[in-house]
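Asker: File coords-v3.txt follows (compact mmCIF, C-alpha atoms and all ligand atoms):
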# COMPACT_ATOMS: atom_id res chain seq x y z
CA MET V 1 103.91 121.72 139.57
CA LEU V 2 106.46 118.96 139.87
CA ASP V 3 105.77 118.47 143.57
CA ARG V 4 102.50 116.89 142.50
CA LEU V 5 104.45 113.87 141.33
CA GLU V 6 104.63 111.28 144.06
CA GLN V 7 107.49 108.86 144.54
CA GLN V 8 106.87 105.70 142.48
CA PRO V 9 108.21 102.26 143.40
CA PRO V 10 110.89 100.90 141.04
CA ASP V 11 109.75 98.28 138.52
CA ALA V 12 109.54 95.17 140.70
CA LEU V 13 111.18 92.85 138.16
CA LEU V 14 114.06 95.18 137.32
CA ALA V 15 114.60 95.98 141.03
CA LEU V 16 115.47 92.29 141.54
CA ILE V 17 118.65 92.75 139.46
CA LYS V 18 120.03 95.20 142.03
CA LEU V 19 118.85 93.20 145.05
CA TYR V 20 120.55 90.09 143.70
CA ASP V 21 123.79 91.93 142.88
CA ALA V 22 123.93 93.33 146.42
CA ASP V 23 123.59 89.86 148.03
CA PRO V 24 127.07 88.67 149.12
CA ARG V 25 126.15 84.97 149.42
CA PRO V 26 128.28 83.01 146.91
CA ASP V 27 125.63 80.32 146.35
CA LYS V 28 122.76 82.76 145.64
CA ILE V 29 120.53 81.84 142.69
CA ASP V 30 119.09 84.42 140.27
CA LEU V 31 115.76 83.28 138.81
CA GLY V 32 114.48 86.85 138.38
CA VAL V 33 114.67 88.90 135.21
CA GLY V 34 114.43 86.99 131.93
CA VAL V 35 117.96 86.68 130.64
CA TYR V 36 119.41 83.42 129.38
CA ARG V 37 122.28 81.96 131.39
CA THR V 38 124.81 79.29 130.47
CA SER V 39 125.57 76.32 132.71
CA GLU V 40 128.22 78.58 134.28
CA GLY V 41 125.57 81.22 135.03
CA ALA V 42 126.92 83.68 132.43
CA THR V 43 125.03 85.70 129.81
CA PRO V 44 127.69 85.99 127.11
CA VAL V 45 127.51 87.95 123.87
CA PHE V 46 126.57 85.52 121.06
CA GLY V 47 129.49 84.40 118.87
CA CYS V 48 127.53 85.41 115.75
CA ILE V 49 127.07 88.90 117.21
CA LYS V 50 130.76 89.23 118.12
CA ALA V 51 131.59 88.31 114.50
CA ALA V 52 128.99 90.74 113.15
CA GLU V 53 130.21 93.53 115.43
CA ALA V 54 133.74 93.06 114.07
CA MET V 55 132.32 93.37 110.53
CA LEU V 56 130.36 96.45 111.62
CA VAL V 57 133.43 98.21 113.00
CA ALA V 58 135.31 97.40 109.80
CA GLU V 59 132.66 98.55 107.36
CA GLN V 60 130.50 101.23 109.00
CA ASP V 61 131.49 104.56 107.50
CA SER V 62 128.83 106.83 108.98
CA LYS V 63 126.58 107.19 111.97
CA ALA V 64 124.32 109.77 110.32
CA TYR V 65 120.57 109.45 110.99
CA LEU V 66 118.61 106.65 109.34
CA GLY V 67 115.04 107.77 110.09
CA PRO V 68 112.21 106.67 112.39
CA GLU V 69 111.97 103.29 110.66
CA GLY V 70 115.53 102.43 111.70
CA ASP V 71 117.63 99.95 109.74
CA MET V 72 115.33 98.47 107.10
CA GLY V 73 118.05 96.01 106.06
CA PHE V 74 117.70 94.56 109.58
CA VAL V 75 113.88 94.60 109.42
CA HIS V 76 113.89 92.72 106.10
CA ALA V 77 116.72 90.30 106.99
CA LEU V 78 114.64 89.00 109.91
CA MET V 79 111.50 88.41 107.85
CA PRO V 80 112.35 84.99 106.34
CA HIS V 81 113.08 83.70 109.85
CA ILE V 82 109.90 85.15 111.31
CA PHE V 83 107.36 84.68 108.54
CA GLY V 84 108.95 81.86 106.49
CA GLY V 85 107.67 80.83 103.07
CA GLU V 86 108.72 81.76 99.54
CA ASP V 87 107.78 85.41 99.93
CA PRO V 88 107.93 86.46 103.59
CA SER V 89 106.44 89.87 102.79
CA GLN V 90 103.49 88.30 100.91
CA GLY V 91 103.81 90.73 98.04
CA GLY V 92 104.30 93.69 100.36
CA ARG V 93 101.29 92.87 102.55
CA ILE V 94 103.72 92.54 105.47
CA GLU V 95 106.11 95.37 106.29
CA GLY V 96 107.91 96.42 109.42
CA MET V 97 110.09 98.95 111.16
CA GLN V 98 112.79 98.77 113.79
CA THR V 99 111.89 99.53 117.42
CA PRO V 100 113.81 99.95 120.68
CA GLY V 101 113.58 96.33 121.87
CA GLY V 102 110.49 94.18 122.18
CA THR V 103 108.96 96.70 124.57
CA GLY V 104 109.14 99.39 121.86
CA ALA V 105 107.55 96.93 119.45
CA VAL V 106 104.64 96.13 121.78
CA ARG V 107 104.19 99.81 122.58
CA LEU V 108 104.06 100.72 118.90
CA ALA V 109 101.78 97.82 117.97
CA VAL V 110 99.25 98.78 120.65
CA ALA V 111 99.53 102.49 119.77
CA LEU V 112 98.91 101.65 116.09
CA ALA V 113 95.85 99.60 117.03
CA GLN V 114 94.63 102.49 119.18
CA ARG V 115 95.20 104.97 116.34
CA ALA V 116 93.13 102.70 114.12
CA GLY V 117 90.24 102.96 116.61
CA VAL V 118 90.79 99.93 118.84
CA GLY V 119 89.50 100.78 122.31
CA LYS V 120 89.94 97.50 124.11
CA VAL V 121 92.65 94.82 124.18
CA LEU V 122 91.93 91.31 125.44
CA MET V 123 94.80 89.52 127.11
CA GLY V 124 95.28 86.25 128.97
CA THR V 125 96.45 86.78 132.53
CA PRO V 126 98.87 86.50 134.13
CA SER V 127 101.03 88.13 131.49
CA TRP V 128 104.32 90.01 131.35
CA PRO V 129 103.62 92.87 133.80
CA ASN V 130 104.81 95.49 131.31
CA HIS V 131 101.95 94.63 128.94
CA ALA V 132 99.40 96.05 131.38
CA GLN V 133 101.69 99.03 132.09
CA ILE V 134 101.83 99.84 128.38
CA PHE V 135 98.03 99.61 128.08
CA GLY V 136 97.64 101.84 131.14
CA ASP V 137 100.08 104.42 129.83
CA LEU V 138 98.32 104.53 126.46
CA GLY V 139 94.92 104.72 128.15
CA ILE V 140 93.57 101.68 126.32
CA GLU V 141 91.20 99.38 128.17
CA MET V 142 92.42 95.88 128.96
CA VAL V 143 90.05 92.96 129.35
CA GLY V 144 91.74 90.04 131.05
CA PHE V 145 90.86 86.37 130.82
CA GLY V 146 92.51 83.44 132.58
CA HIS V 147 95.37 82.04 130.51
CA ALA V 148 96.08 78.86 132.43
CA ALA V 149 93.65 76.07 133.29
CA ALA V 150 93.91 74.15 136.57
CA ASP V 151 95.62 71.23 134.81
CA GLY V 152 98.49 73.46 133.65
CA THR V 153 97.40 73.69 130.01
CA ALA V 154 96.09 76.80 128.21
CA ASN V 155 92.52 77.65 129.18
CA MET V 156 90.77 77.55 125.82
CA ASP V 157 87.31 77.98 127.34
CA GLU V 158 88.31 81.38 128.73
CA LEU V 159 89.88 82.44 125.45
CA ARG V 160 86.85 81.32 123.43
CA LYS V 161 84.55 83.21 125.77
CA ALA V 162 86.68 86.38 125.67
CA LEU V 163 86.89 86.38 121.87
CA ARG V 164 83.19 85.64 121.38
CA ASN V 165 82.31 88.52 123.72
CA ALA V 166 84.41 90.84 121.57
CA GLY V 167 84.45 91.74 117.89
CA THR V 168 85.61 94.17 115.25
CA GLY V 169 87.14 97.19 116.93
CA ASP V 170 88.74 95.06 119.66
CA ALA V 171 92.20 93.51 119.70
CA VAL V 172 93.72 90.52 121.47
CA LEU V 173 97.34 90.31 122.59
CA LEU V 174 98.71 86.77 122.22
CA HIS V 175 102.14 85.46 123.16
CA GLY V 176 103.56 83.79 120.04
CA CYS V 177 105.61 81.28 122.05
CA CYS V 178 107.30 80.74 125.42
CA HIS V 179 104.48 82.36 127.36
CA ASN V 180 105.77 84.88 129.89
CA PRO V 181 105.28 84.17 132.81
CA THR V 182 103.63 80.72 132.72
CA GLY V 183 105.57 78.82 130.02
CA ILE V 184 102.17 77.45 128.93
CA ASP V 185 101.89 77.76 125.16
CA TYR V 186 99.00 76.92 122.87
CA THR V 187 99.36 73.62 121.01
CA ASN V 188 99.27 73.69 117.21
CA GLU V 189 95.68 72.42 117.29
CA GLN V 190 94.74 75.22 119.69
CA TRP V 191 96.40 77.79 117.40
CA ASP V 192 94.34 76.38 114.50
CA GLU V 193 91.20 77.00 116.53
CA ILE V 194 92.39 80.47 117.60
CA ALA V 195 92.95 81.41 113.96
CA ASP V 196 89.37 80.30 113.14
CA LEU V 197 88.01 82.24 116.13
CA LEU V 198 89.83 85.39 115.02
CA VAL V 199 88.32 85.05 111.55
CA GLU V 200 84.85 84.44 113.06
CA THR V 201 84.97 87.36 115.51
CA GLY V 202 87.00 89.96 113.57
CA VAL V 203 89.16 90.68 116.65
CA LEU V 204 92.53 92.15 115.61
CA PRO V 205 95.48 89.95 116.65
CA ILE V 206 98.56 91.56 118.16
CA ILE V 207 101.17 88.82 118.52
CA ASP V 208 104.12 89.33 120.84
CA LEU V 209 106.96 87.09 119.66
CA ALA V 210 109.84 87.71 122.03
CA TYR V 211 111.44 84.27 122.39
CA GLN V 212 111.48 82.68 118.94
CA GLY V 213 113.91 79.75 118.96
CA LEU V 214 113.96 79.32 122.72
CA GLY V 215 110.88 77.08 122.97
CA ARG V 216 110.73 74.14 120.56
CA GLY V 217 112.66 75.57 117.57
CA MET V 218 112.65 78.53 115.17
CA GLU V 219 109.97 77.04 112.92
CA GLU V 220 107.96 75.40 115.70
CA ASP V 221 107.84 78.61 117.74
CA ALA V 222 106.49 80.55 114.76
CA TYR V 223 103.67 78.08 114.01
CA GLY V 224 100.89 79.94 115.80
CA MET V 225 101.80 83.39 114.51
CA ARG V 226 102.14 82.10 110.95
CA LYS V 227 98.85 80.21 111.19
CA VAL V 228 97.04 83.34 112.40
CA LEU V 229 98.59 85.48 109.67
CA ALA V 230 97.61 82.92 107.03
CA SER V 231 93.99 83.06 108.22
CA VAL V 232 93.11 86.66 109.09
CA PRO V 233 93.17 89.74 106.86
CA GLU V 234 95.21 91.92 109.19
CA ALA V 235 97.50 91.58 112.19
CA LEU V 236 100.33 93.22 114.10
CA VAL V 237 103.45 91.38 115.25
CA ALA V 238 105.82 92.71 117.93
CA TYR V 239 109.23 91.04 117.65
CA SER V 240 112.18 91.05 120.03
CA CYS V 241 115.81 90.17 119.30
CA ASP V 242 116.75 90.87 122.91
CA LYS V 243 116.69 87.19 123.89
CA ASN V 244 117.27 85.21 120.70
CA PHE V 245 120.30 87.32 119.79
CA GLY V 246 121.25 88.06 123.43
CA LEU V 247 121.14 91.80 122.75
CA TYR V 248 119.17 92.82 125.84
CA ARG V 249 120.75 96.19 126.63
CA ASP V 250 121.20 97.11 122.97
CA ARG V 251 117.37 97.20 122.62
CA VAL V 252 116.68 95.46 119.31
CA GLY V 253 113.16 94.81 118.11
CA ALA V 254 110.77 95.31 115.24
CA VAL V 255 107.06 95.75 114.69
CA TYR V 256 105.37 94.30 111.61
CA ALA V 257 101.93 94.98 110.18
CA MET V 258 99.97 92.79 107.77
CA THR V 259 96.96 94.17 105.89
CA PRO V 260 95.03 92.96 102.81
CA ASP V 261 97.18 94.99 100.41
CA ALA V 262 100.62 96.54 100.14
CA ALA V 263 99.39 100.14 99.84
CA GLN V 264 97.41 99.81 103.07
CA THR V 265 100.40 98.30 104.85
CA THR V 266 102.52 101.24 103.68
CA ALA V 267 99.93 103.61 105.16
CA VAL V 268 99.95 101.72 108.47
CA MET V 269 103.73 101.90 108.65
CA SER V 270 103.67 105.65 107.95
CA ASN V 271 101.62 105.94 111.15
CA GLY V 272 104.26 103.86 112.90
CA HIS V 273 106.94 106.27 111.70
CA ALA V 274 104.96 109.25 113.01
CA LEU V 275 104.42 107.60 116.40
CA ALA V 276 108.10 106.67 116.64
CA ARG V 277 109.16 110.19 115.76
CA ALA V 278 107.08 111.62 118.58
CA ASN V 279 108.25 108.99 121.08
CA TRP V 280 111.93 108.19 120.48
CA SER V 281 112.52 109.71 117.04
CA MET V 282 114.72 106.82 115.90
CA PRO V 283 115.72 103.49 117.41
CA PRO V 284 119.32 102.83 118.55
CA ASP V 285 121.31 101.51 115.62
CA HIS V 286 124.14 99.31 116.84
CA GLY V 287 122.40 96.06 117.80
CA ALA V 288 120.10 96.02 114.78
CA ALA V 289 123.03 96.68 112.44
CA ALA V 290 124.86 93.75 114.05
CA VAL V 291 121.83 91.48 113.53
CA ARG V 292 121.59 92.60 109.89
CA LEU V 293 125.23 91.69 109.32
CA ALA V 294 124.91 88.39 111.21
CA LEU V 295 121.97 87.47 108.97
CA SER V 296 123.80 88.52 105.78
CA ASP V 297 126.32 85.70 105.92
CA ASP V 298 125.55 81.96 105.77
CA ALA V 299 128.30 81.14 108.26
CA THR V 300 127.03 83.55 110.94
CA VAL V 301 123.41 82.49 110.32
CA LYS V 302 124.46 78.90 110.99
CA GLN V 303 126.42 80.00 114.04
CA TRP V 304 123.33 81.85 115.34
CA LEU V 305 121.02 78.88 114.82
CA ASP V 306 123.56 76.56 116.48
CA GLU V 307 123.83 78.91 119.44
CA LEU V 308 120.04 78.97 119.76
CA ASP V 309 119.95 75.16 119.56
CA SER V 310 122.33 74.80 122.46
CA MET V 311 120.47 77.37 124.56
CA ARG V 312 117.20 75.58 123.92
CA ALA V 313 118.77 72.22 124.74
CA ARG V 314 120.04 73.58 128.04
CA ILE V 315 116.65 75.04 128.96
CA LEU V 316 115.00 71.69 128.15
CA GLN V 317 117.60 69.82 130.22
CA VAL V 318 116.87 72.05 133.24
CA ARG V 319 113.13 71.63 132.71
CA GLU V 320 113.47 67.85 132.52
CA LYS V 321 115.53 67.71 135.70
CA LEU V 322 113.04 69.93 137.53
CA ALA V 323 110.11 67.84 136.27
CA ALA V 324 111.88 64.66 137.40
CA SER V 325 112.06 66.09 140.94
CA SER V 326 108.28 65.93 140.85
CA ASN V 327 107.24 67.29 144.22
CA ALA V 328 109.29 69.86 146.10
CA GLY V 329 107.37 70.24 149.36
CA GLY V 330 103.97 71.54 148.30
CA VAL V 331 105.04 72.42 144.74
CA ASN V 332 104.49 69.99 141.88
CA LEU V 333 107.30 70.54 139.38
CA ALA V 334 106.16 67.84 136.93
CA PRO V 335 104.28 70.27 134.58
CA LEU V 336 107.52 72.20 133.93
CA GLY V 337 108.59 69.35 131.65
CA GLU V 338 105.68 70.10 129.30
CA GLN V 339 106.10 73.87 129.19
CA ASN V 340 108.19 76.04 126.87
CA GLY V 341 110.84 78.70 127.15
CA MET V 342 112.55 80.37 130.05
CA PHE V 343 109.64 80.88 132.44
CA ALA V 344 107.38 78.94 134.78
CA MET V 345 105.02 80.02 137.55
CA LEU V 346 105.23 78.34 140.92
CA PRO V 347 102.24 78.46 143.25
CA LEU V 348 104.04 80.21 146.13
CA SER V 349 102.78 82.81 148.59
CA LYS V 350 104.47 86.20 149.00
CA GLU V 351 105.84 84.96 152.34
CA GLN V 352 107.32 81.83 150.76
CA ILE V 353 108.96 83.89 147.99
CA GLN V 354 110.43 86.25 150.60
CA LYS V 355 111.68 83.30 152.66
CA LEU V 356 113.36 81.79 149.61
CA ARG V 357 115.20 85.09 149.17
CA ASP V 358 116.04 85.75 152.83
CA ASP V 359 116.89 82.23 153.98
CA HIS V 360 118.18 80.59 150.80
CA GLY V 361 119.40 83.39 148.47
CA VAL V 362 116.91 82.35 145.77
CA TYR V 363 115.60 85.37 143.84
CA MET V 364 112.39 85.15 141.80
CA ALA V 365 109.66 87.54 140.72
CA GLY V 366 107.03 88.39 143.33
CA SER V 367 104.44 86.63 141.16
CA GLY V 368 106.18 83.26 141.68
CA ARG V 369 107.70 83.32 138.19
CA ILE V 370 111.08 81.66 137.84
CA ASN V 371 113.55 81.99 134.99
CA VAL V 372 114.52 78.34 134.57
CA ALA V 373 117.64 79.42 132.64
CA GLY V 374 118.97 80.71 135.97
CA LEU V 375 119.31 77.11 137.14
CA THR V 376 122.25 74.82 136.39
CA MET V 377 122.89 71.13 136.98
CA ASP V 378 124.93 72.28 139.99
CA ASN V 379 122.31 74.40 141.75
CA ILE V 380 119.02 72.64 140.91
CA ASP V 381 119.26 70.38 143.95
CA LYS V 382 119.83 73.35 146.23
CA PHE V 383 116.85 75.12 144.62
CA VAL V 384 114.54 72.11 144.94
CA GLY V 385 115.64 71.70 148.55
CA ALA V 386 114.94 75.36 149.31
CA LEU V 387 111.54 75.07 147.66
CA ALA V 388 110.71 72.04 149.78
CA ALA V 389 111.90 73.83 152.92
CA VAL V 390 109.60 76.84 152.42
CA SER V 391 106.57 75.01 151.00
CA GLY V 392 106.66 71.63 152.73
C1 LIG V 401 111.35 89.58 131.65
O1 LIG V 401 110.13 89.37 131.61
O2 LIG V 401 112.04 89.26 132.61
C2 LIG V 401 112.01 90.21 130.47
O3 LIG V 401 111.12 90.35 129.44
C3 LIG V 401 112.73 91.46 130.83
C4 LIG V 401 111.83 92.62 130.98
O4 LIG V 401 112.04 93.62 130.27
O5 LIG V 401 110.90 92.58 131.79
Could you render the structure as structure tokens?
Answerer:
Amino acid sequence: MLDRLEQQPPDALLALIKLYDADPRPDKIDLGVGVYRTSEGATPVFGCIKAAEAMLVAEQDSKAYLGPEGDMGFVHALMPHIFGGEDPSQGGRIEGMQTPGGTGAVRLAVALAQRAGVGKVLMGTPSWPNHAQIFGDLGIEMVGFGHAAADGTANMDELRKALRNAGTGDAVLLHGCCHNPTGIDYTNEQWDEIADLLVETGVLPIIDLAYQGLGRGMEEDAYGMRKVLASVPEALVAYSCDKNFGLYRDRVGAVYAMTPDAAQTTAVMSNGHALARANWSMPPDHGAAAVRLALSDDATVKQWLDELDSMRARILQVREKLAASSNAGGVNLAPLGEQNGMFAMLPLSKEQIQKLRDDHGVYMAGSGRINVAGLTMDNIDKFVGALAAVSG
């Protein structure tokens, strides 16, 4: 039987990690997979996580199973930061469970929607390529609509049309902030309209919030998600700590459900537990336990928020410098100054992207997505020059 399985290509984005590592050129530039880098090009463990890991080693007295829901102390410690307000659980209307990374959270959110009878998910394209892979693997239909308008802002006409052509029984996947791959987020006014449209159409929102704190700020980046949750009766939120706690390989995420009442939310989560049990049984503990401990102490919370502030400031500094370069050959970099988060899409052909890699040691996704956090004040000029050379 197994000879029926044909060789599959490696995931294109993850394959870039190995290609980059194998390149001996000392001035190569990695703008591929979405990890934050310092101005020295490093991806260090957060100070707040180092401190929390030391606490964890000192106080953890067992590694016995926790259950499919994972570390609920972690799930609840995140909630004030995600949902805000006096009562982040809204009287138990919002509850969550731990997942293996943001991917596990998206997977579980979509599987829960499917279990509830959703047959179709609307999504702005381009999107993170793994979204479509998850839909395909679950066998749920995806209906794409254009996310970006020609002027580099979000295409509200397409979104309006997609939502009005859908209704109860359909879901829409929205990026909460730092849109991956375009960096083009909805403005607060657009989120207000989206919330109204969701109420009008009855489409179930699934919000993927994977970069909170890396766009405009912890509160600012949560605006759209919070606005939607304040407006609609039910929603799913997929959350990732991979980027905003720098825990990538530890796989730390959570999925949250909101329904009209606490008993219904409990029932939804019991379905989440059953799905988790059949998929991965239980999420890995270490990273989530470290986040729980980091969030349990005012000093490490402050350290975390300070670390996020400096990451965000660096990303904005790179964006501003890129935007100031204006035109690099045929590529207009000015819109990058208005966008959010680690990613931006450059209008490059496959040949130009290959040439950047072969001739200049610049690695980016085949879609033309760059991770702006891969740039530093020292290599931006080389990057802009390379861009001009291949696109001029
Ligand atoms: C990315 O888009 O580069 C990240 O989200 C990493 C991943 O898992 O694809």
Asker: Kindly compile the residues surrounding ligand LIG 401 (chain V) within 6 Å, counting all atoms listed in the file, and format them as a ChimeraX atom specification.
Answerer: /V:33-34,128
Asker: Extract, using all atoms listed in the file, all DNA, RNA and protein residues at most 12 Å from V:Glu40, discarding same-chain residues fewer than 2 positions from it, and format them as JSON, numbers by chain.
Answerer: {"V": [29, 36, 37, 38, 42, 43, 44, 314, 373, 374, 375, 376, 377, 378, 379]}
Asker: Could you produce a table of the residues of stretch 136-220 of chain V lying within 6 Å of stretch 336-344 of chain V, with the nearest pair of atoms per residue and their separation in Å rounded to one decimal, using only C-alpha atoms, ordered by chain and increasing residue number, as a tab-separated table?
Answerer:
residue	atom	partner	partner_atom	distance
V:Cys178	CA	V:Gly341	CA	4.4
V:Pro181	CA	V:Phe343	CA	5.5
V:Thr182	CA	V:Ala344	CA	4.6
V:Gly183	CA	V:Asn340	CA	5.0
V:Ile184	CA	V:Gln339	CA	5.3
V:Leu214	CA	V:Gly341	CA	5.5
V:Gly215	CA	V:Gly341	CA	4.5
Asker: Counting only C-alpha atoms, which residues of stretch 17-82 of chain V sit at most 6 Å from some atom of stretch 259-283 of chain V, and what is each one's closest atom pair with its distance in Å to one decimal, listed by chain and rising residue number, as a tab-separated table?
Answerer:
residue	atom	partner	partner_atom	distance
V:Gly67	CA	V:Met282	CA	5.9
V:Pro68	CA	V:Met282	CA	4.3
V:Glu69	CA	V:His273	CA	5.9
V:Gly70	CA	V:Pro283	CA	5.8
Asker: Please determine, counting all atoms listed in the file, which residue among V:Lys321, V:His175, V:Lys243, V:Lys50 has the shortest atom-to-atom distance to V:Thr300.
Answerer: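 Result for the nearest residue to V:Thr300: V:Lys50.
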Asker: Residues within 6 Å of stretch 103-115 of chain V, please, as a list of chain:residue names. Count all atoms listed in the file; anything in the same chain fewer than 5 positions from it doesn't count.
Answerer: V:Ala238, V:Ala254, V:Val255
Asker: Kindly indicate which residue among V:Val121, V:Ala171, V:Leu229, V:Ala162 lies nearest to V:Ala195, using only C-alpha atoms for the distances.
Answerer: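 Of the candidates, the smallest distance to V:Ala195 is held by V:Leu229.
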Asker: So what do you get for atom CA of V:Tyr248 versus atom CA of V:Glu220, distance-wise?
Answerer: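 These atoms are spaced 23.1 Å apart.
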Asker: List as a short mmCIF file (atom, residue, chain, number, x, y, z; two decimals) with C-alpha atoms, in the frame of the given file: which residues have an atom within 6 Å of (91.8, 99.3, 126.2), counting only C-alpha atoms?
Answerer:
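Okay, this is what ended up in part.cif:
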data_model
loop_
_atom_site.label_atom_id
_atom_site.label_comp_id
_atom_site.auth_asym_id
_atom_site.auth_seq_id
_atom_site.Cartn_x
_atom_site.Cartn_y
_atom_site.Cartn_z
CA GLY V 119 89.50 100.78 122.31
CA LYS V 120 89.94 97.50 124.11
CA VAL V 121 92.65 94.82 124.18
CA ILE V 140 93.57 101.68 126.32
CA GLU V 141 91.20 99.38 128.17
CA MET V 142 92.42 95.88 128.96
#
Asker: Between atom CA of V:Ser62 and atom CA of V:Arg249, what is the spacing in Å?
Answerer: 22.1 Å
Asker: Given all atoms listed in the file as the basis, pick out the residue of V:Ser231, V:Val318, V:Leu78, V:Ala222 nearest to V:Asp192.
Answerer: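 Nearest candidate to V:Asp192 out of V:Ser231, V:Val318, V:Leu78, V:Ala222: V:Ser231.
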Asker: Counting all atoms listed in the file, which residue out of V:Leu2, V:Leu31, V:Ala54, V:Leu322 sits closest to V:Val362?
Answerer: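 With all atoms listed in the file as the atom set, the closest residue is V:Leu31.
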Asker: Under the rule that all atoms listed in the file are counted, which of V:Phe46, V:Arg216, V:Met55, V:Thr99 is the nearest residue to V:Ala313?
Answerer: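 Answer, going by the shortest atom-to-atom distance: V:Arg216.
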Asker: How far is it from atom CA of V:Asn371 to atom CA of V:His179, in Å with one decimal?
Answerer: 11.9 Å
Asker: Do you know which residues are at most 7 Å from V:Ala365 counting all atoms listed in the file, after dropping those on the same chain fewer than 5 positions away, and could you put them as a list in words?
Answerer: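 Residues meeting the cut-off are Leu13, Gly32 and Ile370 of chain V.
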Asker: Just the selected residues (C-alpha atoms), exported as a compact mmCIF listing (two decimals), in the frame of the given file, please.
Answerer:
# COMPACT_ATOMS: atom_id res chain seq x y z
CA LEU V 13 111.18 92.85 138.16
CA GLY V 32 114.48 86.85 138.38
CA ILE V 370 111.08 81.66 137.84
Asker: Near stretch 197-206 of chain V, within 7 Å and counting all atoms listed in the file, which residues show up once chain neighbours fewer than 2 positions away are dropped, as a list in words?
Answerer: Leu163, Arg164, Ala166, Gly167, Thr168, Gly169, Asp170, Ala171, Val172, Leu173, Leu174, Glu193, Ile194, Ala195, Asp208, Ser231, Val232, Glu234, Ala235, Leu236 and Val237 of chain V
Asker: For those residues, write C-alpha atoms to a file as a tab-separated table (two decimals), keeping the file's coordinate frame.
Answerer:
chain	number	residue	atom	x	y	z
V	163	LEU	CA	86.89	86.38	121.87
V	164	ARG	CA	83.19	85.64	121.38
V	166	ALA	CA	84.41	90.84	121.57
V	167	GLY	CA	84.45	91.74	117.89
V	168	THR	CA	85.61	94.17	115.25
V	169	GLY	CA	87.14	97.19	116.93
V	170	ASP	CA	88.74	95.06	119.66
V	171	ALA	CA	92.20	93.51	119.70
V	172	VAL	CA	93.72	90.52	121.47
V	173	LEU	CA	97.34	90.31	122.59
V	174	LEU	CA	98.71	86.77	122.22
V	193	GLU	CA	91.20	77.00	116.53
V	194	ILE	CA	92.39	80.47	117.60
V	195	ALA	CA	92.95	81.41	113.96
V	208	ASP	CA	104.12	89.33	120.84
V	231	SER	CA	93.99	83.06	108.22
V	232	VAL	CA	93.11	86.66	109.09
V	234	GLU	CA	95.21	91.92	109.19
V	235	ALA	CA	97.50	91.58	112.19
V	236	LEU	CA	100.33	93.22	114.10
V	237	VAL	CA	103.45	91.38	115.25
Asker: Compare V:Pro284, V:Gly392, V:Gly217, V:Gly91 by their minimum atom-to-atom distance to V:Asp306, counting only C-alpha atoms, and give me the closest one.
Answerer: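 Going through V:Pro284, V:Gly392, V:Gly217, V:Gly91 one by one, the smallest distance to V:Asp306 is for V:Gly217.
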Asker: Using all atoms listed in the file, which protein or nucleic acid residues come within 12 Å of stretch 290-296 of chain V? Drop anything in the same chain fewer than 5 positions from it, and give the result as a ChimeraX atom specification.
Answerer: /V:45-60,70-81,98,240-242,244-247,250-254,284-285,301-305
Asker: Output as lines of an AutoDock Vina configuration file the centre and edge lengths (Å, one decimal) of the box along x, y and z of the file that holds every listed atom of stretch 113-128 of chain V after adding 3 Å on each side.
Answerer:
center_x = 96.9
center_y = 95.6
center_z = 124.1
size_x = 20.8
size_y = 24.7
size_z = 26.0
Asker: Would you list the residues near (109.9, 98.2, 134.7), meaning any protein, DNA or RNA residue with an atom at most 12 Å from that point in file coordinates, counting all atoms listed in the file, as a count of residues only?
Answerer: 19
